[in-house]
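One structure is given below, encoded as structure tokens.
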Amino acid sequence: TFQNKIKKKRTRYILTFIGSIIFGIGGIASMGISQYSVYITSYYHHNQVSIDMQYGNLIMPILMLSNSIFAPLAGVIENKIGLYLSLILSSLLLEIDLLLFINQTNVWFSFILIIFLGFSNGIGMPIPGKNLFCYYPKKGGFLGSLMTSSFILMGTTISVIGEKIINPEKYTLAKDEQFYPLEISQNYIKFYKYFLFINPFTLILALLLIKKYDPKYEDELIQENNNLNTEPKVSKNMFKRDENYTKNVKKAIMDRRILRLVGISTLTPFVVGFSRNTFRVYGALASISGGVMQYSQLFTGFSNIFVGPIWGYINDKYKYEIIIKILCGSCIFQSLLFSIFIKSNAIYILCIFLGSIIMSGFMSCSHLHILKVYGIKYSLEIGGVIGIFGGVFNILNALLSFIISKFYHTGEELQFAYRFIYIVGIFICGMGFYLALHEKDEKFIYPYSTKEEEYLTM
């Protein structure tokens, strides 16, 4: 019956949702390398490597840039070897990469491994999300935010566990101390050894739970619901690349609207990105309590768990052009708070929380906008291109903090330099706001689109 078809589709979606979250554990844990950079650089220092903590500020930007560059390949690889083999390949490469990382102390080889880590995540992490969106594209905002909140919950849990393993006593650096003791810093190796043991089991469980989207359920539901044949059926070949695929992608990428979206995605969250990139190292050098640094991740994570679905609901209910203006204004407000209250550790932490909430909404809003404008079929490729520019800008953002560290070393000195950055950031965020004023919700018209593709737009 019609109801049974709905229930079966819903069951497949729920199982796939759970499996996708479990698969994401690998990517989330590997992203923690940035959070644990203060311990990694300290461990390298105790192994006679010439390094300072500011090198850690480069880890996440490089990782995210690499992830963004290789994310468009996810669709290509999935098309060649299928969903399940793509996930296996991604997980296997991740295992090898982390194994090499924890068994060496060469700075430059570490950055090479971080690039490959981004590759491992980039070719695997986007695939389950795309598969999920195919089930209920009209509810993409709420369901996407629910998935994001689940990832945040998982990431927060892993973060707290990692900190408990690495720094169980919540050791706080003294005012003139620049590195953690060896007996603490070396524990990051122990944490990732645990993960390397757990990762294969999470992969197996994810493969058992994830159900590849099958368009036949859409055909059956449409026929039974309407008893008419007026709705376009969803072909099993809808997501395959045909002879017009390259032409459509090229047309979208060459359109100047992409430049506007790139500008919005890079300029608007400039201060959010800068504060997130520098938070862990700055917090240590500014002698913010070790307990606060550990549990800030927990508080931020749980706040986003509640806020994420709210953002999803808002994104489904209101237009992008309204939401993006609110987010841009919030970024400017956060920049203003940072520039005024940089010397207050309490307000600094509150601004970090605010930035996390803003970024949650920004990512949800931007991802859904790409799906609505460019469609599910091309979302990985178009989103990947925009993400590449965002990754490059984030690298420049991190290099800025790295260059500053060569002239300003202590927490007090960094406060002076960062205040100037945040003042400039007000104007940079304002430029993103200006671009957002001209971006609308209209769908992009592909020169070779089909009715099947139009059916699964949002």
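Chain labels A, B, ... are given in the sequence in which chains occur in the structure tokens; within each chain residues are numbered consecutively from 1, and ligands are likewise numbered from 1 in the order shown.
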### Task
With a distance cut-off of 12 Å and only C-alpha atoms, select the neighbouring residues of Val281 of chain A, excluding the residue or stretch itself and same-chain residues fewer than 4 positions from it, and output the selection as number ranges by chain.
A: 34-42, 52-59, 173, 178-180, 274-277, 285-288, 290, 293, 401-402, 405, 409-411, 414
### Message
Using only C-alpha atoms, which protein or nucleic acid residues come within 10 Å of segment 424-436 of chain A? Drop anything in the same chain fewer than 3 positions from it, and give the result as number ranges by chain.
### Response
A: 259-272, 274, 320-336, 338-339, 418-421, 439-440
### Task
Give me every alpha helix (DSSP H) residue in segment 9-154 of chain A, going by DSSP on the backbone, as a PyMOL selection string.
chain A and resi 9-35+37-46+59-70+72-81+83-101+107-122+126-135+140-154
### Query
Taking only C-alpha atoms into account, which of A:Ile184, A:Ile388, A:Met254, A:Leu207 comes nearest Ile88 of chain A?
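Of the candidates, the smallest distance to Ile88 of chain A is held by A:Leu207.
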### Query
So which residues touch Asp441 of chain A within 10 Å, counting only C-alpha atoms, skipping near sequence neighbours fewer than 3 positions away, as a list in words?
Lys319, Tyr320, Glu321, His369, Ile370, Lys372, Val373 and Phe444 of chain A
### Query
Do you know which residues are at most 8 Å from Ser110 of chain A counting only C-alpha atoms, after dropping those on the same chain fewer than 5 positions away, and could you put them as number ranges by chain?
A: 101, 104-105
